[in-house]
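Colleague: Got a structure for you, run.txt, holding compact mmCIF, C-alpha atoms.
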```txt
# COMPACT_ATOMS: atom_id res chain seq x y z
CA MET M 1 12.55 30.41 -12.97
CA SER M 2 10.30 27.36 -12.98
CA ARG M 3 11.84 24.57 -15.00
CA ILE M 4 8.65 22.54 -15.00
CA GLY M 5 6.40 25.54 -15.60
CA ASN M 6 8.34 26.60 -18.70
CA LYS M 7 7.98 23.23 -20.45
CA PRO M 8 5.17 23.20 -23.04
CA VAL M 9 2.38 20.63 -22.77
CA GLU M 10 1.95 18.55 -25.94
CA VAL M 11 -1.70 17.99 -26.91
CA PRO M 12 -2.44 14.76 -28.85
CA GLU M 13 -4.64 14.89 -31.97
CA LYS M 14 -7.64 13.22 -30.33
CA VAL M 15 -7.80 15.77 -27.47
CA ASN M 16 -9.78 19.03 -27.69
CA VAL M 17 -8.67 21.94 -25.50
CA THR M 18 -10.83 25.05 -24.98
CA ILE M 19 -9.91 28.06 -22.89
CA SER M 20 -12.91 30.23 -21.96
CA GLU M 21 -12.92 33.92 -21.02
CA GLY M 22 -13.35 33.25 -17.30
CA ALA M 23 -9.94 31.52 -17.12
CA GLN M 24 -11.62 28.13 -17.34
CA LEU M 25 -9.77 25.26 -19.06
CA SER M 26 -11.76 22.39 -20.58
CA VAL M 27 -9.99 19.29 -21.89
CA GLU M 28 -11.99 16.62 -23.71
CA GLY M 29 -10.68 13.34 -25.06
CA PRO M 30 -11.71 9.77 -25.80
CA LEU M 31 -11.83 8.78 -22.12
CA GLY M 32 -13.74 11.78 -20.72
CA LYS M 33 -13.90 15.50 -20.07
CA LEU M 34 -12.14 17.52 -17.35
CA GLU M 35 -12.49 21.18 -16.38
CA TRP M 36 -10.26 23.36 -14.21
CA GLY M 37 -10.11 27.02 -13.25
CA ILE M 38 -6.77 28.62 -14.11
CA PRO M 39 -5.43 30.50 -11.06
CA ASP M 40 -4.95 34.28 -11.06
CA GLY M 41 -1.48 35.29 -12.17
CA ILE M 42 -1.08 32.36 -14.57
CA GLU M 43 -1.81 32.71 -18.28
CA LEU M 44 -2.47 29.77 -20.58
CA ASN M 45 -1.92 30.10 -24.34
CA GLN M 46 -2.57 27.51 -27.02
CA GLU M 47 -0.07 27.41 -29.87
CA GLU M 48 -1.12 24.80 -32.47
CA SER M 49 -0.73 21.44 -30.67
CA THR M 50 0.96 22.74 -27.51
CA LEU M 51 -0.12 24.59 -24.39
CA VAL M 52 2.25 27.14 -22.85
CA LEU M 53 1.82 28.50 -19.33
CA THR M 54 3.35 31.83 -18.32
CA ARG M 55 3.12 33.86 -15.16
CA LYS M 56 2.17 37.53 -15.12
CA ASP M 57 4.89 38.58 -12.67
CA ASP M 58 7.53 37.08 -10.39
CA SER M 59 5.57 37.29 -7.14
CA ARG M 60 6.06 34.46 -4.68
CA LYS M 61 2.53 33.09 -5.22
CA ASN M 62 2.81 33.11 -9.02
CA LYS M 63 6.20 31.41 -8.93
CA ALA M 64 4.75 28.70 -6.70
CA MET M 65 1.69 28.16 -8.91
CA HIS M 66 3.56 28.17 -12.25
CA GLY M 67 4.93 24.62 -12.09
CA THR M 68 1.88 23.32 -10.23
CA ALA M 69 -0.50 24.65 -12.87
CA ARG M 70 1.60 23.17 -15.67
CA SER M 71 1.63 19.76 -13.98
CA LEU M 72 -2.14 19.83 -13.47
CA VAL M 73 -2.74 20.75 -17.12
CA ALA M 74 -0.35 17.98 -18.28
CA ASN M 75 -2.18 15.46 -16.04
CA MET M 76 -5.53 16.53 -17.49
CA VAL M 77 -4.29 16.05 -21.07
CA GLU M 78 -2.70 12.67 -20.25
CA GLY M 79 -5.78 11.54 -18.32
CA VAL M 80 -8.33 12.12 -21.09
CA SER M 81 -6.03 10.53 -23.70
CA LYS M 82 -4.37 7.59 -21.87
CA GLY M 83 -5.89 7.43 -18.37
CA PHE M 84 -4.33 6.63 -15.01
CA GLN M 85 -4.02 3.42 -13.05
CA ARG M 86 -3.14 2.45 -9.47
CA LYS M 87 -2.64 -1.13 -8.35
CA LEU M 88 -3.19 -2.35 -4.79
CA GLU M 89 -2.35 -5.69 -3.20
CA ILE M 90 -3.93 -7.27 -0.14
CA HIS M 91 -1.69 -9.39 2.09
CA GLY M 92 -3.01 -11.47 4.96
CA VAL M 93 -4.73 -14.80 5.59
CA GLY M 94 -8.43 -14.54 4.77
CA PHE M 95 -8.13 -11.00 3.43
CA ARG M 96 -9.91 -10.50 0.12
CA ALA M 97 -11.76 -8.03 -2.06
CA ALA M 98 -14.67 -8.16 -4.50
CA VAL M 99 -16.59 -5.65 -6.62
CA LYS M 100 -20.35 -5.79 -6.02
CA GLY M 101 -22.08 -3.29 -8.29
CA LYS M 102 -20.78 0.19 -7.44
CA VAL M 103 -19.24 -0.94 -4.12
CA LEU M 104 -15.84 -2.42 -3.31
CA ASP M 105 -16.36 -5.13 -0.69
CA LEU M 106 -13.26 -5.71 1.48
CA SER M 107 -12.74 -8.47 4.05
CA LEU M 108 -9.80 -7.27 6.11
CA GLY M 109 -10.05 -9.29 9.32
CA PHE M 110 -12.55 -6.98 11.02
CA SER M 111 -15.81 -8.31 12.51
CA HIS M 112 -17.66 -6.81 9.54
CA PRO M 113 -16.95 -6.40 5.82
CA VAL M 114 -15.81 -2.94 4.69
CA GLN M 115 -18.04 -1.47 1.96
CA HIS M 116 -16.35 1.36 0.03
CA PRO M 117 -18.41 3.13 -2.69
CA ILE M 118 -16.75 3.42 -6.10
CA PRO M 119 -16.80 6.95 -7.62
CA GLU M 120 -18.65 7.56 -10.89
CA ASP M 121 -15.65 7.95 -13.24
CA VAL M 122 -13.52 5.17 -11.72
CA LYS M 123 -13.31 1.55 -12.87
CA VAL M 124 -12.24 -1.01 -10.26
CA THR M 125 -11.32 -4.61 -11.07
CA VAL M 126 -10.24 -7.38 -8.69
CA GLU M 127 -8.03 -10.31 -9.74
CA GLU M 128 -7.26 -13.38 -7.62
CA ASN M 129 -9.31 -11.80 -4.75
CA THR M 130 -6.21 -9.86 -3.63
CA LYS M 131 -5.12 -7.64 -6.53
CA ILE M 132 -7.14 -4.45 -6.99
CA THR M 133 -6.74 -2.24 -10.08
CA VAL M 134 -8.16 1.29 -9.99
CA GLU M 135 -8.46 3.04 -13.38
CA GLY M 136 -9.80 6.42 -14.46
CA PHE M 137 -9.09 9.62 -16.38
CA ASN M 138 -8.86 11.95 -13.36
CA LYS M 139 -5.53 11.41 -11.58
CA GLN M 140 -6.71 13.04 -8.36
CA VAL M 141 -9.84 10.84 -8.06
CA VAL M 142 -7.93 7.62 -8.87
CA GLY M 143 -5.20 8.40 -6.32
CA GLN M 144 -7.70 9.47 -3.65
CA PHE M 145 -9.75 6.29 -4.05
CA ALA M 146 -6.64 4.08 -3.84
CA SER M 147 -5.46 6.00 -0.77
CA GLU M 148 -8.84 5.60 0.97
CA VAL M 149 -8.86 1.84 0.33
CA ARG M 150 -5.28 1.54 1.62
CA ALA M 151 -6.18 3.55 4.75
CA TYR M 152 -8.62 0.85 5.97
CA TYR M 153 -5.69 -1.44 6.85
CA PRO M 154 -2.25 0.04 6.05
CA PRO M 155 0.57 -2.52 5.91
CA GLU M 156 1.97 -3.27 9.33
CA PRO M 157 5.72 -3.78 9.81
CA TYR M 158 5.73 -7.04 11.80
CA LYS M 159 3.87 -9.53 9.60
CA GLY M 160 3.37 -7.34 6.52
CA LYS M 161 -0.42 -7.75 6.60
CA GLY M 162 -2.64 -5.10 5.09
CA VAL M 163 -3.43 -3.21 1.89
CA ARG M 164 -0.44 -1.80 0.02
CA TYR M 165 0.37 -0.29 -3.34
CA ALA M 166 1.78 -2.84 -5.80
CA ASP M 167 5.13 -1.02 -6.00
CA GLU M 168 5.34 -0.30 -2.25
CA GLN M 169 8.12 -1.85 -0.17
CA VAL M 170 7.19 -2.57 3.45
CA ARG M 171 10.15 -2.56 5.81
CA ARG M 172 9.79 -5.45 8.23
CA LYS M 173 10.76 -5.28 11.86
CA ALA M 174 12.04 -8.11 14.01
CA GLY M 175 9.59 -9.39 16.60
CA LYS M 176 10.28 -9.89 20.27
CA SER M 177 13.31 -12.00 21.01
CA VAL M 178 13.12 -14.52 23.81
CA ALA M 179 15.90 -14.10 26.39
CA SER M 180 17.08 -17.35 27.95
```
Show this structure as structure tokens.
Modeller:
Amino acid sequence: MSRIGNKPVEVPEKVNVTISEGAQLSVEGPLGKLEWGIPDGIELNQEESTLVLTRKDDSRKNKAMHGTARSLVANMVEGVSKGFQRKLEIHGVGFRAAVKGKVLDLSLGFSHPVQHPIPEDVKVTVEENTKITVEGFNKQVVGQFASEVRAYYPPEPYKGKGVRYADEQVRRKAGKSVAS
């Protein structure tokens, strides 16, 4: 029994949901439109303002996909109605970021600036040269972009320099101790 898979997904008034014959789900809202193919073994039914996912049988694959499919559908509905946001912080002397057109320009202590292209449906803003906000309606794209930016210089444990998520705690290590 999937506890998450059995929960219905509430659909707000401003969101349109269409389920096509080829097991294709389309969710459209004020922020954008998302499409997703429903996996085999999972059935999606719309009952007034809720979506209910059921599995055809109790095979191992269908049990595994039940909760996953429900979470993906819930993320699609939330994304087109409210959107998603990830915040990054840059720590380090001389480290900074700037948005130049459709490119995020990062100065992270390398001999060259890092130019990272911004995806089409993602909005990136930089405050105080060190606080990056990534916003969009597709949770996967927003998270992937934030992860790629963080991967250029992950926070290191000795001085804490690098790019980190705003809510991330970096455990610091003690440096070398001098024996006298």
Colleague: I'd like to know which of M:Arg150, M:Lys131, M:Lys176, M:Arg3 is closest to Gly67 in chain M, using only C-alpha atoms.
Modeller: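 Counting only C-alpha atoms, the residue closest to Gly67 in chain M is M:Arg3.
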Colleague: Would you list the contacts of range 20-24 of chain M as a PyMOL selection string, taking every protein, DNA or RNA residue within 6 Å and counting only C-alpha atoms, but skipping same-chain residues closer than 6 positions in sequence?
Modeller: chain M and resi 36-38
Colleague: For range 109-125 of chain M, work out the shell of residues within 8 Å, counting all atoms listed in the file and skipping chain neighbours fewer than 3 positions away, then give it as a list in words.
Modeller: Gly94, Phe95, Val99, Lys102, Val103, Leu104, Asp105, Leu106, Ile132, Thr133, Val134, Glu135, Gly136, Phe137, Asn138, Val141, Val142, Phe145 and Val149 of chain M
Colleague: Using all atoms listed in the file, which of the listed residues (M:Met76, M:Val27, M:Ile42, M:Gly5) sits closest to Asn62 in chain M?
Modeller: M:Ile42
Colleague: Compare M:Ala174, M:Ala146, M:Glu127, M:Lys139 by their minimum atom-to-atom distance to Gly160 in chain M, counting only C-alpha atoms, and give me the closest one.
Modeller: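 Closest to Gly160 in chain M of all the choices is M:Ala174.
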Colleague: Which polymer residues have any atom within 6 Å of an atom of range 87-92 of chain M, counting all atoms listed in the file, with same-chain residues fewer than 6 positions away left out, as a VMD selection string?
Modeller: chain M and resid 130 to 133 161 to 166
